[in-house]
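Following: one structure in structure tokens, then a few remarks.
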Amino acid sequence: MDQRVNKPNNQFMNYWMVKTEPSSYSWEDLLSKKEEIWDGVRNYQARNFLKEMKLGDPVLVYHSGKDRAVVGLAEVSEEAFPDPKDADWVAVRLKAKSSLPKSVSLQAIKEEDRLSEMLMLRQSRLSVMSVTQAEFELLMRLSK
DNA sequence: GCCAACGTTGGC
DNA sequence: GCCAACGTTGGC
């Protein structure tokens with residue numbers, strides 16, 4: 001089933017999640033910088049997702065490591081372009097939107113049946129992944 | 001600190 | 001093309 005939804009301008013909108021290890025780059029870093037090139041992704045599946053990202057798509061930011069929680073909401077502010085460090089790969093630009101009022105922990109995600117199919121659970125090592133509209137909306141509700 | 005799950009590399 | 005060895009990620 002196609003989980004995408006029409007935007008007013010008739011383009012498809014997708015929902016995404018990116019993982020980051022806060023000790024190397026945190027949500028707070030993105031918040032204070034407002035915008036950042038999201039590069040360094042060296043996995044083919046993740047690269048394919050980066051290439052599918054469209055301007056304005058919502059992007060959830062997840063902290064791996066000690067935090068293990070979805071902490072912030074960003075959006076795609078520039079679609080895929082060659083990774084400045086290695087043109088065989090791609091990067092996007094992300095713009096911080098808002099911190100989640102309440103972060104959603106990995107544990108909370110695991111305890112929620114309706115999130116049991118999430119890619120982040122099925123493929124725990126993937127650092128860029130798609131999120132269905134239903135999953136996105138439920139996560140946003142859990143963050144309030 | 002350990003380990004499972006992957007992904008990559010290199011010998012054959 | 002197979003597979004063992006190795007490196008990395010990320011949860012526990």
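Each chain in the structure tokens gets a letter, A, B, ..., in the order shown, and its residues are numbered from 1; ligands are numbered from 1 in order too.
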
Which residues in chain A does DSSP call helix (DSSP H, G or I)? List them as a short mmCIF file (atom, residue, chain, number, x, y, z; two decimals) with all heavy atoms, in the first residue's frame.
data_model
loop_
_atom_site.label_atom_id
_atom_site.label_comp_id
_atom_site.auth_asym_id
_atom_site.auth_seq_id
_atom_site.Cartn_x
_atom_site.Cartn_y
_atom_site.Cartn_z
N TRP A 27 20.94 16.38 18.27
CA TRP A 27 19.78 17.19 17.90
C TRP A 27 19.99 18.65 18.34
O TRP A 27 19.65 19.58 17.62
CB TRP A 27 18.52 16.60 18.52
CG TRP A 27 17.36 17.54 18.52
CD1 TRP A 27 16.76 18.13 19.60
CD2 TRP A 27 16.66 18.02 17.37
NE1 TRP A 27 15.74 18.94 19.19
CE2 TRP A 27 15.65 18.89 17.83
CE3 TRP A 27 16.79 17.81 15.99
CZ2 TRP A 27 14.77 19.55 16.97
CZ3 TRP A 27 15.91 18.46 15.13
CH2 TRP A 27 14.92 19.32 15.61
N GLU A 28 20.58 18.81 19.51
CA GLU A 28 20.84 20.15 20.02
C GLU A 28 21.79 20.92 19.10
O GLU A 28 21.65 22.13 18.91
CB GLU A 28 21.41 20.09 21.44
CG GLU A 28 20.41 19.68 22.53
CD GLU A 28 20.02 18.20 22.48
OE1 GLU A 28 20.82 17.38 21.94
OE2 GLU A 28 18.92 17.86 22.97
N ASP A 29 22.75 20.18 18.53
CA ASP A 29 23.66 20.81 17.55
C ASP A 29 22.87 21.33 16.34
O ASP A 29 23.10 22.44 15.87
CB ASP A 29 24.72 19.81 17.08
CG ASP A 29 25.68 19.41 18.19
OD1 ASP A 29 25.91 20.23 19.10
OD2 ASP A 29 26.20 18.28 18.13
N LEU A 30 21.95 20.50 15.87
CA LEU A 30 21.16 20.90 14.70
C LEU A 30 20.26 22.09 15.07
O LEU A 30 20.12 23.04 14.30
CB LEU A 30 20.30 19.74 14.21
CG LEU A 30 19.46 20.00 12.96
CD1 LEU A 30 20.33 20.37 11.76
CD2 LEU A 30 18.59 18.79 12.61
N LEU A 31 19.67 22.05 16.26
CA LEU A 31 18.81 23.14 16.72
C LEU A 31 19.57 24.47 16.75
O LEU A 31 19.07 25.49 16.30
CB LEU A 31 18.30 22.84 18.14
CG LEU A 31 16.86 22.43 18.35
CD1 LEU A 31 16.54 22.44 19.83
CD2 LEU A 31 15.87 23.30 17.58
N SER A 32 20.78 24.43 17.26
CA SER A 32 21.52 25.68 17.41
C SER A 32 22.07 26.16 16.06
O SER A 32 22.18 27.36 15.83
CB SER A 32 22.64 25.54 18.44
OG SER A 32 23.58 24.59 18.00
N LYS A 33 22.38 25.21 15.18
CA LYS A 33 22.87 25.60 13.85
C LYS A 33 21.72 25.88 12.89
O LYS A 33 21.94 26.43 11.81
CB LYS A 33 23.77 24.51 13.27
CG LYS A 33 25.15 24.48 13.88
CD LYS A 33 26.14 23.80 12.96
CE LYS A 33 26.47 24.67 11.75
NZ LYS A 33 27.47 24.06 10.86
N TYR A 44 24.02 1.71 1.16
CA TYR A 44 23.26 1.86 -0.08
C TYR A 44 21.77 2.06 0.14
O TYR A 44 21.14 2.87 -0.52
CB TYR A 44 23.51 0.68 -1.01
CG TYR A 44 24.91 0.68 -1.58
CD1 TYR A 44 25.88 -0.20 -1.11
CD2 TYR A 44 25.27 1.61 -2.55
CE1 TYR A 44 27.17 -0.17 -1.61
CE2 TYR A 44 26.55 1.65 -3.05
CZ TYR A 44 27.51 0.75 -2.59
OH TYR A 44 28.78 0.80 -3.09
N GLN A 45 21.23 1.32 1.09
CA GLN A 45 19.79 1.46 1.35
C GLN A 45 19.50 2.86 1.90
O GLN A 45 18.53 3.51 1.48
CB GLN A 45 19.36 0.39 2.36
CG GLN A 45 17.87 0.17 2.37
CD GLN A 45 17.45 -0.91 3.35
OE1 GLN A 45 18.28 -1.59 3.93
NE2 GLN A 45 16.16 -1.05 3.53
N ALA A 46 20.36 3.31 2.79
CA ALA A 46 20.19 4.65 3.35
C ALA A 46 20.35 5.70 2.25
O ALA A 46 19.61 6.69 2.20
CB ALA A 46 21.20 4.88 4.47
N ARG A 47 21.31 5.47 1.36
CA ARG A 47 21.51 6.41 0.26
C ARG A 47 20.26 6.50 -0.62
O ARG A 47 19.85 7.59 -1.04
CB ARG A 47 22.70 5.98 -0.60
CG ARG A 47 23.00 6.97 -1.72
CD ARG A 47 24.19 6.56 -2.56
NE ARG A 47 23.86 5.45 -3.44
CZ ARG A 47 24.69 4.96 -4.36
NH1 ARG A 47 25.90 5.47 -4.49
NH2 ARG A 47 24.32 3.97 -5.12
N ASN A 48 19.64 5.36 -0.88
CA ASN A 48 18.43 5.39 -1.69
C ASN A 48 17.33 6.21 -1.03
O ASN A 48 16.60 6.93 -1.70
CB ASN A 48 17.94 3.96 -1.95
CG ASN A 48 18.86 3.21 -2.89
OD1 ASN A 48 19.63 3.84 -3.65
ND2 ASN A 48 18.82 1.90 -2.85
N PHE A 49 17.21 6.09 0.27
CA PHE A 49 16.22 6.90 0.99
C PHE A 49 16.57 8.38 0.89
O PHE A 49 15.68 9.22 0.67
CB PHE A 49 16.13 6.47 2.45
CG PHE A 49 15.40 5.17 2.67
CD1 PHE A 49 15.89 4.21 3.54
CD2 PHE A 49 14.20 4.91 2.01
CE1 PHE A 49 15.21 3.01 3.75
CE2 PHE A 49 13.52 3.72 2.21
CZ PHE A 49 14.03 2.76 3.09
N LEU A 50 17.84 8.71 1.05
CA LEU A 50 18.25 10.12 0.93
C LEU A 50 17.84 10.69 -0.43
O LEU A 50 17.38 11.83 -0.53
CB LEU A 50 19.77 10.27 1.10
CG LEU A 50 20.34 10.11 2.51
CD1 LEU A 50 21.86 10.19 2.46
CD2 LEU A 50 19.78 11.16 3.46
N LYS A 51 18.01 9.86 -1.48
CA LYS A 51 17.67 10.32 -2.83
C LYS A 51 16.19 10.54 -3.03
O LYS A 51 15.78 11.29 -3.91
CB LYS A 51 18.16 9.29 -3.87
CG LYS A 51 19.67 9.29 -4.06
CD LYS A 51 20.06 8.23 -5.08
CE LYS A 51 21.54 8.28 -5.40
NZ LYS A 51 21.93 7.17 -6.32
N GLU A 52 15.38 9.86 -2.22
CA GLU A 52 13.92 9.99 -2.35
C GLU A 52 13.37 11.18 -1.59
O GLU A 52 12.21 11.54 -1.75
CB GLU A 52 13.23 8.73 -1.83
CG GLU A 52 13.37 7.51 -2.72
CD GLU A 52 12.69 6.30 -2.10
OE1 GLU A 52 11.64 6.46 -1.44
OE2 GLU A 52 13.24 5.19 -2.23
N LEU A 106 13.00 4.42 22.63
CA LEU A 106 12.99 3.15 21.90
C LEU A 106 12.08 2.16 22.62
O LEU A 106 11.33 1.41 22.01
CB LEU A 106 14.42 2.60 21.81
CG LEU A 106 14.57 1.24 21.14
CD1 LEU A 106 14.13 1.29 19.69
CD2 LEU A 106 16.01 0.75 21.25
N GLN A 107 12.15 2.18 23.94
CA GLN A 107 11.32 1.27 24.74
C GLN A 107 9.83 1.52 24.49
O GLN A 107 9.06 0.58 24.28
CB GLN A 107 11.65 1.47 26.22
CG GLN A 107 11.10 0.37 27.11
CD GLN A 107 11.24 0.70 28.60
OE1 GLN A 107 12.07 1.53 28.97
NE2 GLN A 107 10.43 0.06 29.41
N ALA A 108 9.45 2.80 24.46
CA ALA A 108 8.06 3.15 24.21
C ALA A 108 7.62 2.69 22.82
O ALA A 108 6.50 2.22 22.63
CB ALA A 108 7.85 4.65 24.36
N ILE A 109 8.53 2.83 21.86
CA ILE A 109 8.23 2.39 20.49
C ILE A 109 8.02 0.88 20.47
O ILE A 109 7.09 0.37 19.86
CB ILE A 109 9.36 2.81 19.53
CG1 ILE A 109 9.37 4.34 19.38
CG2 ILE A 109 9.22 2.12 18.18
CD1 ILE A 109 10.57 4.90 18.66
N LYS A 110 8.90 0.17 21.20
CA LYS A 110 8.79 -1.30 21.23
C LYS A 110 7.51 -1.76 21.92
O LYS A 110 6.99 -2.83 21.63
CB LYS A 110 10.00 -1.89 21.94
CG LYS A 110 11.24 -1.88 21.08
CD LYS A 110 12.38 -2.61 21.79
CE LYS A 110 13.50 -2.94 20.81
NZ LYS A 110 14.63 -3.57 21.51
N GLU A 111 7.03 -0.95 22.87
CA GLU A 111 5.84 -1.35 23.62
C GLU A 111 4.56 -1.04 22.87
O GLU A 111 3.47 -1.45 23.30
CB GLU A 111 5.83 -0.62 24.98
CG GLU A 111 6.82 -1.23 25.97
CD GLU A 111 7.01 -0.37 27.21
OE1 GLU A 111 6.39 0.70 27.30
OE2 GLU A 111 7.81 -0.79 28.09
N ASP A 113 2.23 -1.65 19.90
CA ASP A 113 1.96 -2.65 18.86
C ASP A 113 1.92 -2.04 17.47
O ASP A 113 2.42 -2.61 16.51
CB ASP A 113 0.62 -3.35 19.13
CG ASP A 113 0.73 -4.35 20.27
OD1 ASP A 113 1.88 -4.67 20.65
OD2 ASP A 113 -0.30 -4.78 20.78
N ARG A 114 1.30 -0.86 17.38
CA ARG A 114 1.12 -0.25 16.06
C ARG A 114 2.44 0.25 15.47
O ARG A 114 2.48 0.70 14.33
CB ARG A 114 0.11 0.90 16.15
CG ARG A 114 -1.33 0.42 16.30
CD ARG A 114 -2.24 1.56 16.72
NE ARG A 114 -1.90 2.05 18.07
CZ ARG A 114 -2.46 3.14 18.63
NH1 ARG A 114 -3.33 3.85 17.95
NH2 ARG A 114 -2.11 3.50 19.85
N LEU A 115 3.52 0.19 16.25
CA LEU A 115 4.82 0.59 15.74
C LEU A 115 5.76 -0.61 15.56
O LEU A 115 6.94 -0.44 15.26
CB LEU A 115 5.47 1.62 16.68
CG LEU A 115 4.72 2.95 16.82
CD1 LEU A 115 5.40 3.85 17.84
CD2 LEU A 115 4.60 3.66 15.48
N LEU A 119 10.59 0.27 10.42
CA LEU A 119 11.88 -0.12 9.86
C LEU A 119 12.99 -0.02 10.90
O LEU A 119 13.92 -0.81 10.92
CB LEU A 119 12.22 0.80 8.67
CG LEU A 119 12.11 0.23 7.28
CD1 LEU A 119 12.65 1.24 6.28
CD2 LEU A 119 12.89 -1.08 7.16
N MET A 120 12.88 0.95 11.78
CA MET A 120 13.95 1.16 12.76
C MET A 120 14.05 -0.02 13.73
O MET A 120 15.11 -0.23 14.32
CB MET A 120 13.74 2.45 13.53
CG MET A 120 12.51 2.44 14.41
SD MET A 120 12.55 3.70 15.68
CE MET A 120 14.08 3.39 16.49
N LEU A 121 12.94 -0.76 13.89
CA LEU A 121 12.99 -1.95 14.74
C LEU A 121 13.47 -3.16 13.95
O LEU A 121 14.21 -4.00 14.44
CB LEU A 121 11.62 -2.24 15.35
CG LEU A 121 11.06 -1.18 16.31
CD1 LEU A 121 9.69 -1.62 16.83
CD2 LEU A 121 12.02 -0.96 17.47
N ARG A 122 13.03 -3.22 12.70
CA ARG A 122 13.34 -4.38 11.88
C ARG A 122 14.78 -4.35 11.38
O ARG A 122 15.38 -5.39 11.14
CB ARG A 122 12.39 -4.47 10.69
CG ARG A 122 10.94 -4.15 11.06
CD ARG A 122 9.97 -4.74 10.09
NE ARG A 122 9.41 -5.97 10.66
CZ ARG A 122 8.70 -6.85 9.97
NH1 ARG A 122 8.51 -6.66 8.68
NH2 ARG A 122 8.21 -7.92 10.57
N GLN A 133 3.12 7.24 7.14
CA GLN A 133 2.35 8.37 7.67
C GLN A 133 1.71 8.00 9.01
O GLN A 133 1.72 8.79 9.95
CB GLN A 133 1.27 8.75 6.66
CG GLN A 133 0.53 10.02 7.06
CD GLN A 133 -0.69 10.28 6.20
OE1 GLN A 133 -0.95 9.55 5.24
NE2 GLN A 133 -1.43 11.31 6.54
N ALA A 134 1.18 6.78 9.08
CA ALA A 134 0.52 6.35 10.33
C ALA A 134 1.52 6.31 11.48
O ALA A 134 1.23 6.75 12.59
CB ALA A 134 -0.11 4.97 10.13
N GLU A 135 2.72 5.77 11.19
CA GLU A 135 3.75 5.71 12.23
C GLU A 135 4.17 7.12 12.66
O GLU A 135 4.33 7.39 13.85
CB GLU A 135 4.96 4.95 11.71
CG GLU A 135 4.72 3.45 11.54
CD GLU A 135 5.75 2.78 10.65
OE1 GLU A 135 6.58 3.48 10.02
OE2 GLU A 135 5.72 1.53 10.57
N PHE A 136 4.33 7.97 11.67
CA PHE A 136 4.73 9.34 11.97
C PHE A 136 3.71 10.02 12.87
O PHE A 136 4.04 10.63 13.89
CB PHE A 136 4.91 10.14 10.67
CG PHE A 136 5.25 11.58 10.88
CD1 PHE A 136 6.56 11.97 11.12
CD2 PHE A 136 4.26 12.56 10.87
CE1 PHE A 136 6.88 13.31 11.34
CE2 PHE A 136 4.56 13.89 11.09
CZ PHE A 136 5.87 14.27 11.33
N GLU A 137 2.44 9.90 12.50
CA GLU A 137 1.40 10.59 13.27
C GLU A 137 1.28 10.04 14.68
O GLU A 137 1.09 10.78 15.63
CB GLU A 137 0.07 10.50 12.51
CG GLU A 137 0.08 11.45 11.31
CD GLU A 137 -1.13 11.30 10.39
OE1 GLU A 137 -1.96 10.41 10.65
OE2 GLU A 137 -1.21 12.09 9.42
N LEU A 138 1.44 8.72 14.81
CA LEU A 138 1.37 8.12 16.14
C LEU A 138 2.56 8.57 16.99
O LEU A 138 2.40 8.92 18.16
CB LEU A 138 1.34 6.59 16.01
CG LEU A 138 1.24 5.79 17.31
CD1 LEU A 138 0.10 6.31 18.18
CD2 LEU A 138 1.03 4.32 17.01
N LEU A 139 3.73 8.60 16.40
CA LEU A 139 4.91 9.06 17.13
C LEU A 139 4.74 10.50 17.60
O LEU A 139 5.10 10.85 18.73
CB LEU A 139 6.15 8.96 16.24
CG LEU A 139 6.84 7.61 16.22
CD1 LEU A 139 7.83 7.51 15.08
CD2 LEU A 139 7.57 7.37 17.55
N MET A 140 4.16 11.32 16.74
CA MET A 140 3.95 12.71 17.11
C MET A 140 2.96 12.81 18.28
O MET A 140 3.13 13.63 19.18
CB MET A 140 3.44 13.53 15.91
CG MET A 140 4.48 13.73 14.82
SD MET A 140 6.03 14.45 15.41
CE MET A 140 5.57 16.17 15.55
N ARG A 141 1.95 11.94 18.26
CA ARG A 141 0.98 11.94 19.35
C ARG A 141 1.64 11.48 20.66
O ARG A 141 1.39 12.04 21.72
CB ARG A 141 -0.22 11.03 19.02
CG ARG A 141 -1.50 11.80 18.79
CD ARG A 141 -2.64 10.89 18.39
NE ARG A 141 -2.51 10.46 16.99
CZ ARG A 141 -2.74 9.21 16.57
NH1 ARG A 141 -3.11 8.27 17.42
NH2 ARG A 141 -2.60 8.90 15.29
N LEU A 142 2.49 10.47 20.55
CA LEU A 142 3.17 9.96 21.76
C LEU A 142 4.15 10.99 22.33
O LEU A 142 4.55 10.88 23.49
CB LEU A 142 3.93 8.67 21.42
CG LEU A 142 3.08 7.45 21.07
CD1 LEU A 142 3.96 6.30 20.62
CD2 LEU A 142 2.23 7.03 22.26
#

Compile the residues of chain A that lie within 10 Å of chain B, evaluated using only C-alpha atoms (C1' of nucleotides), and express the compilation as a PDB file with N, CA and C atoms, in the first residue's frame.
ATOM      1  N   ASN A  43      25.817   3.779   3.279  1.00  0.00           N
ATOM      2  CA  ASN A  43      25.048   2.536   3.193  1.00  0.00           C
ATOM      3  C   ASN A  43      24.083   2.701   2.023  1.00  0.00           C
ATOM      4  N   GLN A 123      15.305  -3.153  11.189  1.00  0.00           N
ATOM      5  CA  GLN A 123      16.679  -3.012  10.711  1.00  0.00           C
ATOM      6  C   GLN A 123      17.378  -1.988  11.575  1.00  0.00           C
ATOM      7  N   SER A 124      17.834  -2.466  12.697  1.00  0.00           N
ATOM      8  CA  SER A 124      18.297  -1.538  13.725  1.00  0.00           C
ATOM      9  C   SER A 124      19.543  -0.754  13.333  1.00  0.00           C
ATOM     10  N   ARG A 125      20.256  -1.223  12.321  1.00  0.00           N
ATOM     11  CA  ARG A 125      21.495  -0.522  11.968  1.00  0.00           C
ATOM     12  C   ARG A 125      21.321   0.525  10.882  1.00  0.00           C
ATOM     13  N   LEU A 126      20.131   0.590  10.297  1.00  0.00           N
ATOM     14  CA  LEU A 126      19.901   1.551   9.230  1.00  0.00           C
ATOM     15  C   LEU A 126      19.846   2.973   9.807  1.00  0.00           C
TER      16      LEU A 126
END

8 Å contact set for segment 54-66 of chain A, only C-alpha atoms (C1' of nucleotides), chain neighbours under 4 positions out, as a list in words
Met13, Asn14, Tyr15, Trp16, Met17, Val18, Lys19, Thr20, Glu21, Pro22, Ser26, Trp27, Val70, Val71, Gly72, Leu73, Ala74, Glu75, Val76, Ser77, Glu78 and Glu79 of chain A; DG10 and DG11 of chain C

Determine which residues of segment 80-109 of chain A DSSP labels as strand (DSSP E) from the backbone of this structure, then write them out as number ranges by chain.
A: 80-83, 86-105

Rounded to one decimal in Å, what is the spacing between atom CA of Thr132 of chain A and atom CA of Val92 of chain A?
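Value for the atom CA of Thr132 of chain A-atom CA of Val92 of chain A distance: 19.9 Å.
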